[in-house]
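Here is the file my_file12.pdb (PDB, C-alpha atoms).
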```pdb
ATOM      1  CA  MET A   1     -25.373 -14.417 -17.684  1.00  0.00           C
ATOM      2  CA  THR A   2     -27.136 -17.375 -16.339  1.00  0.00           C
ATOM      3  CA  ALA A   3     -29.189 -17.558 -13.190  1.00  0.00           C
ATOM      4  CA  ALA A   4     -26.590 -19.856 -11.598  1.00  0.00           C
ATOM      5  CA  SER A   5     -23.743 -17.394 -12.136  1.00  0.00           C
ATOM      6  CA  LEU A   6     -25.845 -14.513 -10.762  1.00  0.00           C
ATOM      7  CA  ALA A   7     -26.701 -16.572  -7.681  1.00  0.00           C
ATOM      8  CA  ALA A   8     -22.981 -17.373  -7.192  1.00  0.00           C
ATOM      9  CA  MET A   9     -22.110 -13.665  -7.424  1.00  0.00           C
ATOM     10  CA  ARG A  10     -24.788 -12.769  -4.859  1.00  0.00           C
ATOM     11  CA  ARG A  11     -23.422 -15.395  -2.454  1.00  0.00           C
ATOM     12  CA  ARG A  12     -19.912 -14.018  -2.948  1.00  0.00           C
ATOM     13  CA  LEU A  13     -21.093 -10.473  -2.146  1.00  0.00           C
ATOM     14  CA  ASP A  14     -22.754 -11.691   1.066  1.00  0.00           C
ATOM     15  CA  GLU A  15     -19.492 -13.179   2.379  1.00  0.00           C
ATOM     16  CA  PRO A  16     -17.549 -11.061   4.899  1.00  0.00           C
ATOM     17  CA  PRO A  17     -14.341  -9.534   3.503  1.00  0.00           C
ATOM     18  CA  PRO A  18     -11.027 -11.205   4.365  1.00  0.00           C
ATOM     19  CA  GLU A  19      -9.003  -9.692   7.206  1.00  0.00           C
ATOM     20  CA  ASN A  20      -5.917  -9.134   5.049  1.00  0.00           C
ATOM     21  CA  VAL A  21      -6.352  -8.283   1.412  1.00  0.00           C
ATOM     22  CA  PRO A  22      -3.386  -9.546  -0.647  1.00  0.00           C
ATOM     23  CA  GLY A  23      -1.328  -6.732  -2.134  1.00  0.00           C
ATOM     24  CA  GLN A  24      -2.495  -4.053   0.305  1.00  0.00           C
ATOM     25  CA  LEU A  25      -0.406  -2.722   3.158  1.00  0.00           C
ATOM     26  CA  ALA A  26      -1.505  -0.603   6.074  1.00  0.00           C
ATOM     27  CA  VAL A  27       0.448   2.650   5.891  1.00  0.00           C
ATOM     28  CA  GLU A  28       0.344   5.405   8.484  1.00  0.00           C
ATOM     29  CA  VAL A  29       0.081   8.808   6.854  1.00  0.00           C
ATOM     30  CA  GLU A  30       0.987  11.972   8.729  1.00  0.00           C
ATOM     31  CA  ALA A  31      -1.315  14.939   8.503  1.00  0.00           C
ATOM     32  CA  PRO A  32       0.136  17.943   6.632  1.00  0.00           C
ATOM     33  CA  GLY A  33       1.944  20.241   9.016  1.00  0.00           C
ATOM     34  CA  ALA A  34       2.387  17.508  11.628  1.00  0.00           C
ATOM     35  CA  LYS A  35       6.179  17.753  11.384  1.00  0.00           C
ATOM     36  CA  ASP A  36       8.146  19.909  13.793  1.00  0.00           C
ATOM     37  CA  GLU A  37       8.948  22.665  11.338  1.00  0.00           C
ATOM     38  CA  PRO A  38       8.229  26.372  11.708  1.00  0.00           C
ATOM     39  CA  PRO A  39       5.135  27.780   9.983  1.00  0.00           C
ATOM     40  CA  LYS A  40       5.515  29.323   6.540  1.00  0.00           C
ATOM     41  CA  VAL A  41       5.706  33.127   6.480  1.00  0.00           C
ATOM     42  CA  CYS A  42       5.283  35.768   3.783  1.00  0.00           C
ATOM     43  CA  GLU A  43       8.424  36.080   1.630  1.00  0.00           C
ATOM     44  CA  HIS A  44       7.586  39.506   0.149  1.00  0.00           C
ATOM     45  CA  GLY A  45       9.996  42.438   0.357  1.00  0.00           C
ATOM     46  CA  LYS A  46      13.364  43.183   1.910  1.00  0.00           C
ATOM     47  CA  PRO A  47      13.226  42.810   4.881  1.00  0.00           C
ATOM     48  CA  ARG A  48      10.715  39.984   4.637  1.00  0.00           C
ATOM     49  CA  CYS A  49       7.093  40.734   5.566  1.00  0.00           C
ATOM     50  CA  GLY A  50       6.882  37.636   7.802  1.00  0.00           C
ATOM     51  CA  ALA A  51       3.072  37.618   8.081  1.00  0.00           C
ATOM     52  CA  VAL A  52       1.148  34.420   8.861  1.00  0.00           C
ATOM     53  CA  PRO A  53      -1.086  32.769   7.433  1.00  0.00           C
ATOM     54  CA  VAL A  54       0.184  32.500   3.863  1.00  0.00           C
ATOM     55  CA  ARG A  55      -0.641  30.711   0.630  1.00  0.00           C
ATOM     56  CA  PHE A  56       1.869  29.364  -1.861  1.00  0.00           C
ATOM     57  CA  TYR A  57       2.098  31.088  -5.241  1.00  0.00           C
ATOM     58  CA  PRO A  58       4.649  30.484  -8.028  1.00  0.00           C
ATOM     59  CA  CYS A  59       6.551  33.519  -6.718  1.00  0.00           C
ATOM     60  CA  GLY A  60       6.699  32.091  -3.171  1.00  0.00           C
ATOM     61  CA  HIS A  61       4.623  32.112   0.010  1.00  0.00           C
ATOM     62  CA  ARG A  62       2.573  35.318   0.234  1.00  0.00           C
ATOM     63  CA  CYS A  63       0.114  36.777   2.767  1.00  0.00           C
ATOM     64  CA  GLU A  64      -3.303  38.208   1.880  1.00  0.00           C
ATOM     65  CA  GLU A  65      -1.908  41.736   1.419  1.00  0.00           C
ATOM     66  CA  HIS A  66       0.942  40.654  -0.874  1.00  0.00           C
ATOM     67  CA  GLN A  67      -0.906  38.359  -3.266  1.00  0.00           C
ATOM     68  CA  PRO A  68       0.666  38.507  -6.739  1.00  0.00           C
ATOM     69  CA  ALA A  69      -2.435  40.141  -8.249  1.00  0.00           C
ATOM     70  CA  ARG A  70      -2.442  42.852  -5.580  1.00  0.00           C
ATOM     71  CA  THR A  71       1.252  43.781  -5.760  1.00  0.00           C
ATOM     72  CA  ARG A  72       0.955  45.126  -9.314  1.00  0.00           C
ATOM     73  CA  PRO A  73      -0.671  48.563  -9.611  1.00  0.00           C
ATOM     74  CA  TYR A  74      -2.588  47.733 -12.797  1.00  0.00           C
ATOM     75  CA  PHE A  75      -4.535  44.948 -11.036  1.00  0.00           C
ATOM     76  CA  ARG A  76      -5.746  47.046  -8.094  1.00  0.00           C
ATOM     77  CA  PRO A  77      -9.494  47.674  -8.115  1.00  0.00           C
ATOM     78  CA  THR A  78     -10.655  51.275  -8.147  1.00  0.00           C
ATOM     79  CA  PRO A  79     -12.648  52.420  -5.101  1.00  0.00           C
TER      80      PRO A  79
END
```

Can you dump the structure from the file as structure tokens?
Amino acid sequence: MTAASLAAMRRRLDEPPPENVPGQLAVEVEAPGAKDEPPKVCEHGKPRCGAVPVRFYPCGHRCEEHQPARTRPYFRPTP
């Protein structure tokens, strides 16, 4: 690169950015959970546990007590 091209690049970097960048649109994004829908509840058991808060697992939404690793007896830690 020559000194002239480096000086041109430095001048370009010192310019203020354009107000509208071509190809970019301003999009409003909603925060997760901002919709008017009921909170997720634990789907374990019949009747359903219904506890809140829950996390999603491949087997469904589960509370802390009904995590998939804790519902199987061979994964329970010994006291």

Close residues, Cys42 in chain A itself excluded, 9 Å, only C-alpha atoms, min 2 positions apart in chain, as a list in words: Lys40, His44, Gly45, Arg48, Cys49, Gly50, Ala51, Val52, Pro53, Val54, Arg55, Gly60, His61, Arg62, Cys63 and His66 of chain A

Could you save the residues just selected, with C-alpha atoms, as an mmCIF file, keeping the file's coordinate frame?
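Okay, this is what ended up in part.cif:
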```
data_model
loop_
_atom_site.group_PDB
_atom_site.id
_atom_site.type_symbol
_atom_site.label_atom_id
_atom_site.label_comp_id
_atom_site.auth_asym_id
_atom_site.auth_seq_id
_atom_site.Cartn_x
_atom_site.Cartn_y
_atom_site.Cartn_z
ATOM 1 C CA LYS A 40 5.515 29.323 6.540
ATOM 2 C CA HIS A 44 7.586 39.506 0.149
ATOM 3 C CA GLY A 45 9.996 42.438 0.357
ATOM 4 C CA ARG A 48 10.715 39.984 4.637
ATOM 5 C CA CYS A 49 7.093 40.734 5.566
ATOM 6 C CA GLY A 50 6.882 37.636 7.802
ATOM 7 C CA ALA A 51 3.072 37.618 8.081
ATOM 8 C CA VAL A 52 1.148 34.420 8.861
ATOM 9 C CA PRO A 53 -1.086 32.769 7.433
ATOM 10 C CA VAL A 54 0.184 32.500 3.863
ATOM 11 C CA ARG A 55 -0.641 30.711 0.630
ATOM 12 C CA GLY A 60 6.699 32.091 -3.171
ATOM 13 C CA HIS A 61 4.623 32.112 0.010
ATOM 14 C CA ARG A 62 2.573 35.318 0.234
ATOM 15 C CA CYS A 63 0.114 36.777 2.767
ATOM 16 C CA HIS A 66 0.942 40.654 -0.874
#
```

Between CA of Pro22 in chain A and CA of Thr2 in chain A - distance in Å to one decimal: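 According to the coordinates, CA of Thr2 in chain A and CA of Pro22 in chain A are separated by 29.5 Å.
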
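CA of Glu15 in chain A is found 18.9 Å from CA of Ala3 in chain A.
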
Do a neighbour search on Cys59 in chain A at 9 Å with only C-alpha atoms, toss out local chain neighbours closer than 3 positions, and write the hits as a CSV table (one decimal) with C-alpha atoms, keeping the file's coordinate frame.
```
chain,number,residue,atom,x,y,z
A,43,GLU,CA,8.4,36.1,1.6
A,56,PHE,CA,1.9,29.4,-1.9
A,62,ARG,CA,2.6,35.3,0.2
A,68,PRO,CA,0.7,38.5,-6.7
```

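For the atom pair formed by CA of Glu30 in chain A and CA of Tyr57 in chain A, the distance is 23.7 Å, given to one decimal.
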